[in-house]
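Asks: Submitted below is the structure of interest, expressed as structure tokens.
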Amino acid sequence: MSSLLRLATAGSVDDGKSTLVGRLLYDTKSVLADQLDAVTRASVDRGLSTPDLSLLVDGLRSEREQGITIDVAYRYFATPKRSFVLADTPGHVQYTRNTVTGASTAQLAVLLVDARNGVVEQTRRHAAVLALLGVPELVLAVNKIDLVDYDEATFEVIAKEFTDHAVSLGYPLGSVLSIPVSALVGDNVVTRSENTPWYTGPSLLHHLETVPAAPDPHEAPFRFPVQYVIRPRTPEHPDYRGYAGQVASGTVRPGDEVVVLPGGSRTTVERIDTADGSLEEAGSGSSVTVVLADDVDIARGDLIATATNPPRLTDEIEAALCWLATTPLKPGARVLLKHGAKTVQAFVETISARLDEQQLSAVDNPDTLELNDIGRVSIRTAEPLAVDDYGNSHRNGAFLVIDPPSGDTLAAGLIGAPLPAL
Amino acid sequence: MDRELMTTTDTYVPQIGDTRTNGNGTLTTQASIRQADLALDALESEGIHIFREVAGEFDRPVILFSGGKDSTLLLHLAIKAFWPAPVPFALLHVDTGHNFDEVIEFRDRVVEEHGLRLIVAKVQDWIDDGRLTERPDGIRNPLQTVPLLDTITEHKFDAVFGGGRRDEERARAKERIFSLRNAFGQWEPRRQRPELWNLYNGRHKPGEHVRVFPLSNWTEADVWNYIAREKIELPSIYYAHERDVYHRDGMWLTEGPWGGPREDEEVLHKTVRYRTVGDGSCTGAVESTASTVEEVIAEVMASRLTERGATRADDRLSEAAMEDRKREGYF
């Protein structure tokens, strides 16, 4: 079990998401006296009788002025069982852009709904984006349960509707949990509430502490994008040559047979070095330096992979794109594509489908992809890339689309990912 | 190596004990210590990955290094990222002239030990030739922005590593790990690039640069636990010592080149330590007897005040003081 859980929260306007995050921070004692004093002062200034916990989270001047969350914010809290990195994503403006940014590395997502409104269109769309990104665990926090008099039947209807939706998106039943909460008063956030005796599941925090946290699809093959070649050329290390990177997926041990792509040379791993000594094994997420048995020509951007199950080498990519820029994408666009440690020129040949967000169905051959659209595209790259499908290796199946003149990030790409259509 | 790289034999190096405390101040089990260790491993790997991405994609990176705990940790990660090769970057210190002697001595010793190149931009030089004017309150932290930007321009630095953490302050909580700055060094919160997976986009136009924050996801507790685990040496003023101090704005300030007590402020001899190390005019000490790293960890865990709230006058200038400074090009 990982001890660091990365999670994202998402919800619609006024679902009380900032309040829930504020509650988690407050009840895990992650908020300190001076921060609370500042919130209390600001709340009094606004004529409120109790501290508005959302002010703990909404930090930018314009957010406080408008009373809304604008950008993804990162929050940190810890219990004796786990440390948490929480990406708090706003629901109303640019929700796809923000959800994708906050959830791309998330191992769990908490979706909020207002118990009085139940599952709304945006809840379904958020869940679809999370399914596309492959966030493995979903929690539905049915908030403001106090405002429906802690009614079990109301909760059950919402929970069933959401679970059915998540299952139809491909989630196994065991990966979806609905919890009745009141962020405002704290029901079932940190401890089980006496107001919901009919609810037998865990509190939100207890679930976050105990949920299995897989960093990547299970048993993914070894992938290692070379970020940097380490050649000290110092008197102590005149001939040292190591390949520095972070294991994208899988595991590597000395003696493993590997292939270096795109060149195709085969060799074996001689050592796995770190500044603290050599390792017997390095797994997904570890930053290490790999020393190979043979003298192979390797540069930044190359990929070292297991020889028994190598990625495919291709200059034709089919992918799902989350379009994040205000300028629309048109077929024929010339862009840059960053995959692993490699950036290449690329050409968008066709847009074969766009996800209709209302119906969650595919629209064939659209003219463009607009801001916050999700579509299916064919891309040709100037050089071959060693890729996996996103579903098999998140880190080796993901890429950025970059605008060459401005350098802006235009889109998140997921190789081989099907659109989350129903 | 080479945890020894960051330590020396002739100075005090705190040792980690068997116990740590959680947020409630109670002792934790060996199992939760192991959990905390795994979390530190993940943060360390993330930081090393970020250093290597910058080395691979930028022409002229520089590390902001003040000798404070966060920048010392930053340098420790950089050394690990490129071992056994030397760190391929220079260091930059924007010196307010109001620094503690212990910190400057430590800064220079670390630079010499590792054979690094240090560039010092002195705020005093900018004041002397009229490019900057001293503030009426004598606080020099906000004055660092202009020397920082001028030095970045002069040396054509395209990536600038900082030790900023998102848990420090609300505006920082919204900043990306790769934070694009325009030709005026300004941060524009509304125009941030989305940051996806571990794919960092460092592209920028001529004249622009990117601020890089490898410690973004660390908390104050993580920093101290890592300092203990890696046995990283820090300037002595982070640990309890005796000092003449006077009380102002809820903080214990000390006399120095930046000024001293007013007539109505009584000077007392106290046992104190510093939670942050910045400009002496606006950095306060806290009363403390924590003289080892594990005592500091216990104190940090039990503290009911944030480190900036407890010890930084410059953050109290307004509700959005940090955001405003960042928009102007501050760290």
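Ordered as shown in the structure tokens, chains take letters A, B, and onward, while each chain numbers its residues from 1 and ligands are numbered from 1 in the order shown.
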Could you work out which residues of chain A fall inside 7 Å of chain B? Count only C-alpha atoms, and format the result as number ranges by chain.
Replies: A: 3-4, 29, 32-34, 57, 59-61, 71-76, 80-83, 101, 104-105, 227-228, 230-232, 245-246, 275-276, 285-287, 340, 407-409
Asks: Pick out the residues sitting within 6 Å of stretch 259-271 of chain A, and hand them over as a PyMOL selection string; count only C-alpha atoms, and ignore anything fewer than 4 positions along from it in its own chain.
Replies: chain A and resi 254-255+291-293+302-305+307
Asks: Interatomic distance between atom CA of A:Arg124 and atom CA of A:Ala362?
Replies: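 Computing it gives 15.2 Å between the two atoms.
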Asks: Can you tell me, as JSON, numbers by chain, which residues in stretch 29-226 of chain B count as strand (DSSP E or B) by DSSP?
Replies: {"B": [61, 62, 63, 64, 90, 91, 92, 93, 94, 95, 118, 119, 120, 121, 122, 159, 160, 161, 178, 179, 180, 181, 196, 199, 209, 210, 211, 212]}
Asks: If I take atom CA of A:Ala220 and atom CA of A:Gly397, how far is one from the other in Å, to one decimal?
Replies: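 So the two atoms, atom CA of A:Ala220 and atom CA of A:Gly397, lie 11.5 Å apart.
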Asks: To one decimal place in Å, what is the distance between atom CA of A:Phe347 and atom CA of A:Leu414?
Replies: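 Calculated distance between atom CA of A:Phe347 and atom CA of A:Leu414 is 16.0 Å.
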Asks: Which of these residues is nearest to A:Ser54, using only C-alpha atoms: A:Pro238, A:Gly134, A:Gly391, A:Gly16?
Replies: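 Counting only C-alpha atoms, the residue closest to A:Ser54 is A:Gly16.
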Asks: Quick one: of B:Ile232, B:Ala159, B:Val120, B:Leu268, who's nearest to B:Leu75, counting only C-alpha atoms?
Replies: B:Ile232
Asks: Please report, as a PyMOL selection string, each residue of stretch 105-293 of chain B to which DSSP assigns helix (DSSP H, G or I) when run on this structure's backbone.
Replies: chain B and resi 105-113+123-128+141-155+166-168+172-174+189-191+220-230+236-238+293
Asks: Would you write out those residues with C-alpha atoms, as an mmCIF file, in the first residue's frame?
Replies:
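To be explicit, this is the file written out as result-v5.cif:
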data_model
loop_
_atom_site.group_PDB
_atom_site.id
_atom_site.type_symbol
_atom_site.label_atom_id
_atom_site.label_comp_id
_atom_site.auth_asym_id
_atom_site.auth_seq_id
_atom_site.Cartn_x
_atom_site.Cartn_y
_atom_site.Cartn_z
ATOM 1 C CA GLU B 105 28.976 31.596 6.748
ATOM 2 C CA PHE B 106 27.030 28.383 6.116
ATOM 3 C CA ARG B 107 26.176 29.447 2.556
ATOM 4 C CA ASP B 108 29.800 30.100 1.660
ATOM 5 C CA ARG B 109 31.033 26.901 3.275
ATOM 6 C CA VAL B 110 28.494 24.721 1.378
ATOM 7 C CA VAL B 111 29.413 26.403 -1.897
ATOM 8 C CA GLU B 112 33.106 25.773 -1.305
ATOM 9 C CA GLU B 113 32.654 22.165 -0.165
ATOM 10 C CA VAL B 123 20.233 44.646 -2.713
ATOM 11 C CA GLN B 124 22.589 47.252 -1.194
ATOM 12 C CA ASP B 125 24.238 47.776 -4.616
ATOM 13 C CA TRP B 126 20.873 48.576 -6.140
ATOM 14 C CA ILE B 127 20.085 51.007 -3.317
ATOM 15 C CA ASP B 128 23.513 52.647 -3.594
ATOM 16 C CA ASN B 141 12.293 41.266 1.388
ATOM 17 C CA PRO B 142 10.059 43.003 -1.196
ATOM 18 C CA LEU B 143 13.159 44.781 -2.555
ATOM 19 C CA GLN B 144 14.636 41.484 -3.744
ATOM 20 C CA THR B 145 12.459 41.361 -6.861
ATOM 21 C CA VAL B 146 14.345 43.958 -8.942
ATOM 22 C CA PRO B 147 17.875 42.591 -8.272
ATOM 23 C CA LEU B 148 16.533 39.090 -8.977
ATOM 24 C CA LEU B 149 15.038 40.068 -12.335
ATOM 25 C CA ASP B 150 18.059 42.178 -13.315
ATOM 26 C CA THR B 151 20.405 39.276 -12.555
ATOM 27 C CA ILE B 152 18.236 36.793 -14.456
ATOM 28 C CA THR B 153 18.348 39.125 -17.475
ATOM 29 C CA GLU B 154 22.083 39.843 -17.168
ATOM 30 C CA HIS B 155 23.032 36.152 -17.040
ATOM 31 C CA ARG B 166 2.492 25.060 -2.010
ATOM 32 C CA ASP B 167 1.667 24.514 1.651
ATOM 33 C CA GLU B 168 3.327 27.800 2.607
ATOM 34 C CA ARG B 172 1.482 29.448 -3.765
ATOM 35 C CA ALA B 173 -1.086 26.622 -3.493
ATOM 36 C CA LYS B 174 -2.214 27.581 -6.994
ATOM 37 C CA PRO B 189 -2.373 33.272 -12.254
ATOM 38 C CA ARG B 190 -5.120 33.407 -14.871
ATOM 39 C CA ARG B 191 -2.805 32.301 -17.675
ATOM 40 C CA GLU B 220 7.037 21.820 6.413
ATOM 41 C CA ALA B 221 6.827 18.454 8.224
ATOM 42 C CA ASP B 222 8.126 16.609 5.135
ATOM 43 C CA VAL B 223 11.064 19.018 4.910
ATOM 44 C CA TRP B 224 12.071 18.442 8.521
ATOM 45 C CA ASN B 225 11.569 14.676 8.373
ATOM 46 C CA TYR B 226 13.721 14.545 5.255
ATOM 47 C CA ILE B 227 16.412 16.740 6.813
ATOM 48 C CA ALA B 228 16.489 14.274 9.708
ATOM 49 C CA ARG B 229 16.531 11.194 7.493
ATOM 50 C CA GLU B 230 19.257 12.486 5.181
ATOM 51 C CA SER B 236 22.866 26.762 13.538
ATOM 52 C CA ILE B 237 20.125 29.368 14.053
ATOM 53 C CA TYR B 238 17.461 26.794 13.111
ATOM 54 C CA VAL B 293 16.282 17.851 14.642
#
